[in-house]
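Next up, input_17.txt (compact mmCIF, C-alpha atoms):
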```txt
# COMPACT_ATOMS: atom_id res chain seq x y z
CA MET A 53 -1.01 -14.30 -19.60
CA GLU A 54 0.67 -12.56 -16.66
CA GLU A 55 -1.07 -14.55 -13.94
CA PHE A 56 2.14 -16.30 -12.88
CA ALA A 57 4.65 -13.68 -14.11
CA ARG A 58 5.52 -11.67 -11.01
CA SER A 59 7.94 -8.75 -11.24
CA ASP A 60 8.71 -5.46 -9.51
CA LEU A 61 10.23 -4.06 -12.70
CA ALA A 62 7.99 -1.79 -14.77
CA THR A 63 9.90 -2.77 -17.91
CA GLU A 64 8.95 -6.44 -17.40
CA CYS A 65 5.28 -5.62 -16.88
CA GLY A 66 4.70 -3.94 -20.22
CA GLY A 67 6.12 -0.55 -19.34
CA ASP A 68 8.72 -0.83 -22.09
CA ARG A 69 6.04 -0.62 -24.78
CA GLU A 70 4.91 2.81 -25.95
CA GLY A 71 1.13 3.05 -25.99
CA ASP A 72 -1.92 4.78 -24.61
CA GLY A 73 -0.84 6.50 -21.41
CA ILE A 74 2.77 5.28 -21.55
CA ARG A 75 5.75 7.28 -22.83
CA VAL A 76 9.09 5.52 -23.35
CA ARG A 77 12.52 7.03 -23.95
CA LYS A 78 15.70 5.00 -24.46
CA SER A 79 19.26 6.26 -24.09
CA GLU A 80 22.78 5.20 -23.13
CA CYS A 81 25.15 6.61 -20.53
CA GLY A 82 28.39 5.30 -19.04
CA GLY A 83 28.05 2.04 -20.93
CA CYS A 84 24.57 1.49 -19.47
CA ARG A 85 21.28 1.17 -21.29
CA LEU A 86 18.66 3.48 -19.82
CA LEU A 87 14.91 3.17 -20.20
CA HIS A 88 12.75 6.07 -19.01
CA VAL A 89 9.07 5.19 -18.68
CA GLN A 90 6.26 7.57 -17.80
CA VAL A 91 2.93 6.02 -16.84
CA ARG A 92 0.47 8.85 -17.40
CA SER A 93 -3.02 7.44 -17.00
CA GLU A 94 -4.97 5.26 -14.63
CA ALA A 95 -5.79 2.89 -17.48
CA ALA A 96 -2.11 2.45 -18.31
CA ALA A 97 -1.28 1.96 -14.63
CA ALA A 98 -3.93 -0.74 -14.34
CA ARG A 99 -2.68 -2.40 -17.53
CA ILE A 100 0.87 -2.86 -16.26
CA GLY A 101 0.03 -3.13 -12.57
CA LYS A 102 2.20 -0.18 -11.52
CA PRO A 103 1.22 3.23 -10.10
CA GLN A 104 1.26 6.33 -12.28
CA GLY A 105 4.64 8.01 -12.30
CA SER A 106 8.15 7.85 -13.69
CA TYR A 107 10.35 4.76 -13.80
CA VAL A 108 14.01 4.61 -14.80
CA THR A 109 15.64 1.26 -15.53
CA LEU A 110 19.41 1.08 -15.81
CA GLU A 111 20.89 -2.07 -17.35
CA CYS A 112 24.61 -2.43 -16.70
CA GLY A 113 25.49 -6.13 -16.81
CA GLU A 114 26.32 -8.20 -13.75
CA ILE A 115 27.40 -5.67 -11.16
CA ARG A 116 29.79 -8.04 -9.39
CA MET A 117 31.75 -8.64 -12.59
CA LEU A 118 32.27 -5.00 -13.58
CA SER A 119 35.85 -3.74 -13.76
CA ASP A 120 36.79 -0.78 -11.55
CA SER A 121 36.42 1.67 -14.44
CA GLU A 122 33.08 0.15 -15.53
CA PHE A 123 31.83 0.19 -11.94
CA ASP A 124 32.70 3.88 -11.62
CA ARG A 125 30.92 4.74 -14.88
CA VAL A 126 27.79 2.91 -13.75
CA ARG A 127 27.94 4.65 -10.36
CA CYS A 128 28.17 8.03 -12.08
CA ALA A 129 25.33 7.27 -14.50
CA LEU A 130 23.07 6.13 -11.67
CA SER A 131 23.94 9.15 -9.53
CA VAL A 132 22.86 11.49 -12.35
CA GLU A 133 19.48 9.77 -12.59
CA ILE A 134 18.98 9.86 -8.81
CA ARG A 135 19.91 13.54 -8.58
CA GLU A 136 17.70 14.60 -11.48
CA MET A 137 14.71 12.67 -10.13
CA ALA A 138 15.26 14.00 -6.60
CA GLU A 139 15.35 17.63 -7.74
CA ARG A 140 12.29 17.16 -9.91
CA MET A 141 10.31 15.45 -7.15
CA CYS A 142 11.16 18.10 -4.55
CA GLY A 143 11.12 21.15 -6.81
CA LYS A 144 14.45 22.39 -5.45
CA ARG A 145 18.13 22.01 -6.23
CA ILE A 146 20.38 19.83 -4.10
CA GLY A 147 22.59 21.97 -1.90
CA GLY A 148 23.55 22.47 1.72
CA GLN A 149 19.93 23.05 2.69
CA PHE A 150 18.70 19.84 1.08
CA SER A 151 17.83 16.96 3.41
CA VAL A 152 17.32 13.31 2.51
CA LEU A 153 16.36 10.27 4.60
CA VAL A 154 17.57 6.96 3.17
CA CYS A 155 15.61 3.93 4.38
CA GLY A 156 17.18 0.51 3.91
CA LEU A 157 14.17 -1.80 3.68
CA GLY A 158 14.25 -5.55 4.11
CA ASN A 159 15.47 -8.22 6.49
CA GLY A 160 19.22 -7.93 6.92
CA ASP A 161 19.38 -11.52 8.23
CA ILE A 162 18.20 -12.90 4.88
CA THR A 163 20.92 -12.39 2.30
CA ALA A 164 18.71 -11.93 -0.75
CA ASP A 165 16.67 -9.32 1.15
CA ALA A 166 19.62 -7.41 2.61
CA ILE A 167 20.33 -4.85 -0.12
CA GLY A 168 18.58 -2.06 1.80
CA PRO A 169 20.31 -2.61 5.17
CA GLU A 170 23.69 -3.26 3.51
CA THR A 171 23.43 -0.06 1.46
CA VAL A 172 22.63 2.02 4.54
CA ARG A 173 25.50 0.39 6.44
CA ARG A 174 27.93 1.73 3.82
CA LEU A 175 26.34 5.16 3.50
CA ALA A 176 27.92 8.33 4.91
CA VAL A 177 25.39 10.15 7.12
CA THR A 178 25.78 13.84 7.90
CA ARG A 179 22.66 15.14 9.66
CA HIS A 180 24.28 14.94 13.09
CA LEU A 181 27.37 16.80 11.86
CA ARG A 182 25.30 19.78 10.78
CA ARG A 183 24.02 20.16 14.33
CA MET A 184 27.24 19.32 16.17
CA ASP A 185 29.94 20.87 13.99
CA HIS A 186 28.79 22.93 11.01
CA ALA A 187 32.37 23.64 9.91
CA LEU A 188 33.05 19.90 9.71
CA PHE A 189 29.73 19.33 7.95
CA SER A 190 30.75 21.83 5.28
CA THR A 191 33.98 19.96 4.56
CA VAL A 192 32.29 16.57 4.03
CA GLY A 193 30.83 17.67 0.70
CA LEU A 194 27.38 16.11 1.16
CA CYS A 195 23.96 17.52 1.86
CA GLU A 196 22.12 16.56 5.04
CA ILE A 197 21.77 12.76 4.95
CA SER A 198 20.11 10.63 7.61
CA ALA A 199 19.45 6.91 7.45
CA LEU A 200 17.17 4.25 8.91
CA THR A 201 16.98 0.45 8.73
CA PRO A 202 13.43 -0.25 9.93
CA GLY A 203 13.64 -4.04 9.65
CA VAL A 204 10.50 -6.01 8.88
CA LEU A 205 7.19 -6.50 10.63
CA GLY A 206 8.17 -9.90 12.05
CA GLN A 207 11.23 -8.38 13.74
CA THR A 208 9.74 -5.17 15.12
CA GLY A 209 5.98 -5.69 15.35
CA LEU A 210 5.64 -2.35 13.57
CA GLU A 211 4.78 -1.58 9.97
CA THR A 212 7.68 -0.06 8.06
CA VAL A 213 5.59 2.98 7.22
CA GLU A 214 4.99 3.65 10.93
CA LEU A 215 8.73 3.75 11.66
CA VAL A 216 9.49 5.85 8.60
CA LYS A 217 6.78 8.35 9.51
CA GLY A 218 8.38 8.74 12.93
CA ALA A 219 11.80 9.33 11.36
CA VAL A 220 10.30 11.84 8.91
CA LYS A 221 8.72 13.73 11.79
CA ALA A 222 12.07 13.89 13.60
CA ALA A 223 14.37 14.63 10.64
CA ALA A 224 11.99 16.67 8.43
CA PRO A 225 13.68 15.59 5.17
CA ASP A 226 12.83 16.98 1.75
CA LEU A 227 12.90 13.45 0.35
CA VAL A 228 12.77 9.82 1.48
CA ILE A 229 14.64 7.22 -0.57
CA ALA A 230 13.50 3.64 0.00
CA VAL A 231 16.20 1.13 -0.97
CA ASP A 232 14.97 -2.44 -1.35
CA ALA A 233 15.62 -5.80 -2.99
CA LEU A 234 13.26 -6.52 -5.88
CA ALA A 235 11.82 -9.56 -7.62
CA ALA A 236 12.33 -10.00 -11.36
CA ARG A 237 10.66 -12.13 -14.00
CA SER A 238 13.92 -13.08 -15.73
CA VAL A 239 17.05 -14.51 -14.11
CA GLU A 240 19.06 -12.33 -16.51
CA ARG A 241 17.84 -9.31 -14.53
CA LEU A 242 19.29 -10.44 -11.20
CA SER A 243 21.98 -7.99 -10.03
CA THR A 244 22.22 -6.56 -13.57
CA THR A 245 19.38 -4.02 -13.45
CA VAL A 246 18.68 -1.01 -11.23
CA GLN A 247 15.25 0.59 -11.06
CA LEU A 248 14.30 3.91 -9.53
CA SER A 249 10.89 5.51 -9.49
CA ASP A 250 9.04 8.47 -8.01
CA THR A 251 6.01 6.40 -7.01
CA GLY A 252 7.15 5.11 -3.62
CA ILE A 253 7.07 1.43 -2.78
CA HIS A 254 5.04 -1.41 -1.24
CA PRO A 255 7.59 -3.28 0.94
CA GLY A 256 7.52 -7.02 0.27
CA SER A 257 5.25 -6.76 -2.78
CA GLY A 258 7.72 -8.61 -5.00
CA ILE A 259 7.35 -11.79 -2.95
CA GLY A 260 3.61 -11.45 -2.40
CA ASN A 261 3.98 -10.13 1.16
CA ARG A 262 2.42 -6.75 0.47
CA ARG A 263 2.75 -4.26 3.34
CA LYS A 264 1.36 -0.75 3.66
CA ALA A 265 2.56 1.63 0.96
CA LEU A 266 5.50 3.93 1.57
CA ASN A 267 4.77 7.02 -0.50
CA ALA A 268 4.10 10.75 -0.30
CA GLU A 269 0.53 10.20 0.89
CA THR A 270 1.52 7.96 3.81
CA VAL A 271 4.69 9.68 5.08
CA GLY A 272 4.09 13.29 4.08
CA VAL A 273 7.12 13.87 1.82
CA PRO A 274 8.07 12.56 -1.65
CA VAL A 275 9.36 8.99 -1.68
CA MET A 276 11.79 7.69 -4.30
CA ALA A 277 12.16 3.91 -4.66
CA LEU A 278 15.58 2.47 -5.54
CA GLY A 279 16.15 -1.25 -5.97
CA VAL A 280 17.91 -4.14 -7.65
CA PRO A 281 16.36 -7.58 -8.35
CA THR A 282 17.78 -10.46 -6.31
CA VAL A 283 15.10 -13.16 -6.62
CA VAL A 284 12.77 -14.78 -9.15
CA ASP A 285 9.49 -16.46 -8.22
CA SER A 286 9.83 -20.19 -9.00
CA SER A 287 6.38 -20.21 -10.59
CA THR A 288 7.51 -17.42 -12.90
CA LEU A 289 10.50 -19.49 -14.04
CA VAL A 290 8.26 -22.46 -14.88
CA PHE A 291 5.64 -20.24 -16.51
CA ASP A 292 8.21 -18.60 -18.79
CA ALA A 293 9.69 -21.97 -19.75
CA LEU A 294 6.23 -23.27 -20.69
CA HIS A 295 5.44 -20.09 -22.60
CA ARG A 296 8.65 -20.35 -24.62
CA ALA A 297 7.74 -23.96 -25.38
CA GLY A 298 4.45 -22.80 -26.90
CA TYR A 299 2.04 -23.44 -24.02
CA GLU A 300 -0.57 -20.79 -23.20
CA PRO A 301 -2.34 -20.37 -19.82
CA GLN A 302 -5.60 -21.66 -21.29
CA ASP A 303 -3.79 -24.92 -22.08
CA PHE A 304 -2.73 -25.48 -18.47
CA SER A 305 -4.35 -28.38 -16.67
CA ALA A 306 -5.84 -27.97 -13.22
CA GLU A 307 -2.92 -29.94 -11.76
CA LEU A 308 -0.36 -27.68 -13.45
CA ARG A 309 -2.15 -24.57 -12.24
CA LYS A 310 -2.15 -25.93 -8.70
CA THR A 311 1.59 -26.62 -8.94
CA LEU A 312 2.27 -23.11 -10.22
CA GLU A 313 0.16 -21.55 -7.47
CA GLU A 314 2.03 -23.52 -4.81
CA GLY A 315 5.32 -22.45 -6.37
CA ARG A 316 4.58 -18.83 -5.56
CA SER A 317 5.92 -19.49 -2.06
CA PHE A 318 9.39 -20.35 -3.36
CA PHE A 319 11.98 -17.91 -4.65
CA VAL A 320 15.22 -18.52 -6.50
CA SER A 321 18.41 -16.49 -6.06
CA PRO A 322 21.94 -17.03 -7.45
CA LYS A 323 24.28 -19.25 -5.44
CA GLU A 324 26.72 -16.33 -5.04
CA ILE A 325 24.00 -14.03 -3.68
CA ASP A 326 26.15 -12.86 -0.75
CA LEU A 327 28.78 -11.48 -3.13
CA LEU A 328 26.13 -9.96 -5.37
CA VAL A 329 24.42 -8.15 -2.50
CA SER A 330 27.74 -6.77 -1.28
CA SER A 331 28.61 -5.40 -4.74
CA VAL A 332 25.15 -3.92 -5.23
CA ALA A 333 25.28 -2.22 -1.81
CA VAL A 334 28.64 -0.63 -2.66
CA LEU A 335 27.23 0.61 -5.97
CA LEU A 336 24.03 2.05 -4.51
CA SER A 337 25.69 3.73 -1.52
CA GLY A 338 28.35 5.23 -3.78
CA ALA A 339 25.74 6.48 -6.27
CA LEU A 340 23.67 8.03 -3.47
CA GLU A 341 26.66 9.85 -2.02
CA LYS A 342 27.63 11.16 -5.45
CA ALA A 343 24.03 12.17 -6.21
CA PHE A 344 23.80 14.24 -3.02
CA ALA A 345 27.26 15.78 -3.18
CA VAL A 346 27.40 19.53 -2.62
CA ARG A 347 30.02 21.90 -3.99
CA GLU A 348 31.96 24.20 -1.67
CA GLY A 349 30.06 27.42 -1.12
CA GLU A 350 26.62 25.78 -1.33
CA PHE A 351 26.20 25.10 2.39
CA SER A 352 24.72 28.44 3.41
```
In structure tokens, write the structure found in this file.
Amino acid sequence: MEEFARSDLATECGGDREGDGIRVRKSECGGCRLLHVQVRSEAAAARIGKPQGSYVTLECGEIRMLSDSEFDRVRCALSVEIREMAERMCGKRIGGQFSVLVCGLGNGDITADAIGPETVRRLAVTRHLRRMDHALFSTVGLCEISALTPGVLGQTGLETVELVKGAVKAAAPDLVIAVDALAARSVERLSTTVQLSDTGIHPGSGIGNRRKALNAETVGVPVMALGVPTVVDSSTLVFDALHRAGYEPQDFSAELRKTLEEGRSFFVSPKEIDLLVSSVAVLLSGALEKAFAVREGEFS
């Protein structure tokens, strides 16, 4: 059934259904619908095709079309989820001694893949201030933040995980946050849904270009994944249309299957993708800064 239905979102892969090994909790905050999913067993992980761990999906409507007040409420709601997950993953509260490395994954020269680099470009970094001017660092109101845009294998000749491991060795962060563009099953999810998880990430997995995993086992510190869908596999669009029309995979002819398989190399994004990516990057960078804000007196 899911042979041609590719998605990076746990909620689109069956994670929204309570069952053996899966716990689901729904809530609302800041006008957003929140879905908290815990995948607790290997069998459940295999069933939905996602690693064991926690996934939070925030549905807020098209980010580019939000009013200023709506945008701020979404930013606040997302920052709360990021902060809570970060403290739980690291087992410590966010304060002046907390350090985070934000990695903007993806190819910045391809608009639909540029969410990671664009988010990092807008992010306030503070690690250097702590070493150069601690008094100034204390007035910024953020914990120690460093950032990296590792590019992609075709640009650097290096696996993303290799570059991130080097940055982790140099910066010694408590947490790595990998920001990336995702693939969705439904066009309604594009730039309307944010997903974060504590399971790390496989760069490029959404478009079938699976690279080495970026997670606690490979880089040595916890890795949170944060992303927004920007593309849909063309085969997935056709598959869903056929399914809604009453066709099942067992009814597909050999020619149709061949066409669907070839369509896996093509991805669809909205015509205004440049504006969408810009709005998403502003939202994510703002939510990250708010999530890692530190009150005065917590920098000791």
Nearest-residue call for Leu205 in chain A, choices A:Leu157, A:Ala219, A:Val320, A:Leu266, using all atoms listed in the file: A:Leu157
Spatial neighbours of range 323-334 of chain A, 8 Å, only C-alpha atoms, chain gap at least 3 places, as a PyMOL selection string: chain A and resi 115-116+163-164+166-168+170-171+174+243+280+282+337-338
Atom-to-atom span, CA of Glu114 in chain A and CA of Val246 in chain A, Å: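 Pair CA of Glu114 in chain A / CA of Val246 in chain A returns 10.8 Å.
Between CA of Leu110 in chain A and CA of Val346 in chain A lies a distance of 24.0 Å.
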Counting only C-alpha atoms, the option among A:Gly66, A:Gly148, A:Gly143, A:Gly71 closest to Ala345 in chain A: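 Looking at the shortest contact to Ala345 in chain A, the residue is A:Gly148.
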Computed interatomic separation between CA of Cys195 in chain A and CA of Ala277 in chain A (Å):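 According to the coordinates, CA of Cys195 in chain A and CA of Ala277 in chain A are separated by 19.2 Å.
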Would you kindly place N, CA, C and O atoms on range 200-219 of chain A and return the model as a PDB file, in the frame of the given file?
```pdb
ATOM      1  N   LEU A 200      17.975   5.107   8.027  1.00  0.00           N
ATOM      2  CA  LEU A 200      17.170   4.250   8.910  1.00  0.00           C
ATOM      3  C   LEU A 200      17.098   2.853   8.307  1.00  0.00           C
ATOM      4  O   LEU A 200      16.916   2.701   7.102  1.00  0.00           O
ATOM      5  N   THR A 201      17.243   1.838   9.148  1.00  0.00           N
ATOM      6  CA  THR A 201      16.980   0.450   8.730  1.00  0.00           C
ATOM      7  C   THR A 201      15.834  -0.059   9.597  1.00  0.00           C
ATOM      8  O   THR A 201      16.052  -0.544  10.712  1.00  0.00           O
ATOM      9  N   PRO A 202      14.603   0.052   9.108  1.00  0.00           N
ATOM     10  CA  PRO A 202      13.430  -0.250   9.930  1.00  0.00           C
ATOM     11  C   PRO A 202      13.151  -1.716  10.147  1.00  0.00           C
ATOM     12  O   PRO A 202      12.240  -2.072  10.902  1.00  0.00           O
ATOM     13  N   GLY A 203      13.911  -2.618   9.503  1.00  0.00           N
ATOM     14  CA  GLY A 203      13.640  -4.040   9.650  1.00  0.00           C
ATOM     15  C   GLY A 203      12.331  -4.424   8.997  1.00  0.00           C
ATOM     16  O   GLY A 203      11.812  -3.717   8.128  1.00  0.00           O
ATOM     17  N   VAL A 204      11.771  -5.538   9.428  1.00  0.00           N
ATOM     18  CA  VAL A 204      10.500  -6.010   8.880  1.00  0.00           C
ATOM     19  C   VAL A 204       9.518  -6.255  10.011  1.00  0.00           C
ATOM     20  O   VAL A 204       9.896  -6.333  11.186  1.00  0.00           O
ATOM     21  N   LEU A 205       8.258  -6.390   9.647  1.00  0.00           N
ATOM     22  CA  LEU A 205       7.190  -6.500  10.630  1.00  0.00           C
ATOM     23  C   LEU A 205       7.434  -7.629  11.629  1.00  0.00           C
ATOM     24  O   LEU A 205       7.187  -7.477  12.834  1.00  0.00           O
ATOM     25  N   GLY A 206       7.946  -8.763  11.161  1.00  0.00           N
ATOM     26  CA  GLY A 206       8.170  -9.900  12.050  1.00  0.00           C
ATOM     27  C   GLY A 206       9.272  -9.661  13.064  1.00  0.00           C
ATOM     28  O   GLY A 206       9.341 -10.352  14.083  1.00  0.00           O
ATOM     29  N   GLN A 207      10.144  -8.691  12.805  1.00  0.00           N
ATOM     30  CA  GLN A 207      11.230  -8.380  13.740  1.00  0.00           C
ATOM     31  C   GLN A 207      10.833  -7.308  14.745  1.00  0.00           C
ATOM     32  O   GLN A 207      11.277  -7.320  15.891  1.00  0.00           O
ATOM     33  N   THR A 208      10.023  -6.340  14.294  1.00  0.00           N
ATOM     34  CA  THR A 208       9.740  -5.170  15.120  1.00  0.00           C
ATOM     35  C   THR A 208       8.311  -5.105  15.650  1.00  0.00           C
ATOM     36  O   THR A 208       8.042  -4.407  16.632  1.00  0.00           O
ATOM     37  N   GLY A 209       7.386  -5.809  14.980  1.00  0.00           N
ATOM     38  CA  GLY A 209       5.980  -5.690  15.350  1.00  0.00           C
ATOM     39  C   GLY A 209       5.351  -4.405  14.858  1.00  0.00           C
ATOM     40  O   GLY A 209       4.187  -4.116  15.156  1.00  0.00           O
ATOM     41  N   LEU A 210       6.111  -3.629  14.096  1.00  0.00           N
ATOM     42  CA  LEU A 210       5.640  -2.350  13.570  1.00  0.00           C
ATOM     43  C   LEU A 210       5.714  -2.348  12.055  1.00  0.00           C
ATOM     44  O   LEU A 210       6.664  -2.884  11.477  1.00  0.00           O
ATOM     45  N   GLU A 211       4.734  -1.748  11.416  1.00  0.00           N
ATOM     46  CA  GLU A 211       4.780  -1.580   9.970  1.00  0.00           C
ATOM     47  C   GLU A 211       5.930  -0.635   9.622  1.00  0.00           C
ATOM     48  O   GLU A 211       6.195   0.337  10.334  1.00  0.00           O
ATOM     49  N   THR A 212       6.586  -0.912   8.511  1.00  0.00           N
ATOM     50  CA  THR A 212       7.680  -0.060   8.060  1.00  0.00           C
ATOM     51  C   THR A 212       7.252   1.391   7.952  1.00  0.00           C
ATOM     52  O   THR A 212       7.971   2.309   8.370  1.00  0.00           O
ATOM     53  N   VAL A 213       6.056   1.614   7.419  1.00  0.00           N
ATOM     54  CA  VAL A 213       5.590   2.980   7.220  1.00  0.00           C
ATOM     55  C   VAL A 213       5.453   3.717   8.543  1.00  0.00           C
ATOM     56  O   VAL A 213       5.680   4.943   8.624  1.00  0.00           O
ATOM     57  N   GLU A 214       5.123   3.008   9.624  1.00  0.00           N
ATOM     58  CA  GLU A 214       4.990   3.650  10.930  1.00  0.00           C
ATOM     59  C   GLU A 214       6.347   4.154  11.418  1.00  0.00           C
ATOM     60  O   GLU A 214       6.457   5.266  11.954  1.00  0.00           O
ATOM     61  N   LEU A 215       7.391   3.349  11.239  1.00  0.00           N
ATOM     62  CA  LEU A 215       8.730   3.750  11.660  1.00  0.00           C
ATOM     63  C   LEU A 215       9.265   4.887  10.793  1.00  0.00           C
ATOM     64  O   LEU A 215       9.901   5.821  11.296  1.00  0.00           O
ATOM     65  N   VAL A 216       9.009   4.799   9.499  1.00  0.00           N
ATOM     66  CA  VAL A 216       9.490   5.850   8.600  1.00  0.00           C
ATOM     67  C   VAL A 216       8.789   7.171   8.886  1.00  0.00           C
ATOM     68  O   VAL A 216       9.417   8.238   8.886  1.00  0.00           O
ATOM     69  N   LYS A 217       7.498   7.121   9.169  1.00  0.00           N
ATOM     70  CA  LYS A 217       6.780   8.350   9.510  1.00  0.00           C
ATOM     71  C   LYS A 217       7.362   9.003  10.758  1.00  0.00           C
ATOM     72  O   LYS A 217       7.482  10.235  10.827  1.00  0.00           O
ATOM     73  N   GLY A 218       7.763   8.188  11.733  1.00  0.00           N
ATOM     74  CA  GLY A 218       8.380   8.740  12.930  1.00  0.00           C
ATOM     75  C   GLY A 218       9.716   9.402  12.614  1.00  0.00           C
ATOM     76  O   GLY A 218      10.026  10.486  13.133  1.00  0.00           O
ATOM     77  N   ALA A 219      10.511   8.760  11.747  1.00  0.00           N
ATOM     78  CA  ALA A 219      11.800   9.330  11.360  1.00  0.00           C
ATOM     79  C   ALA A 219      11.610  10.609  10.549  1.00  0.00           C
ATOM     80  O   ALA A 219      12.371  11.571  10.703  1.00  0.00           O
TER      81      ALA A 219
END
```
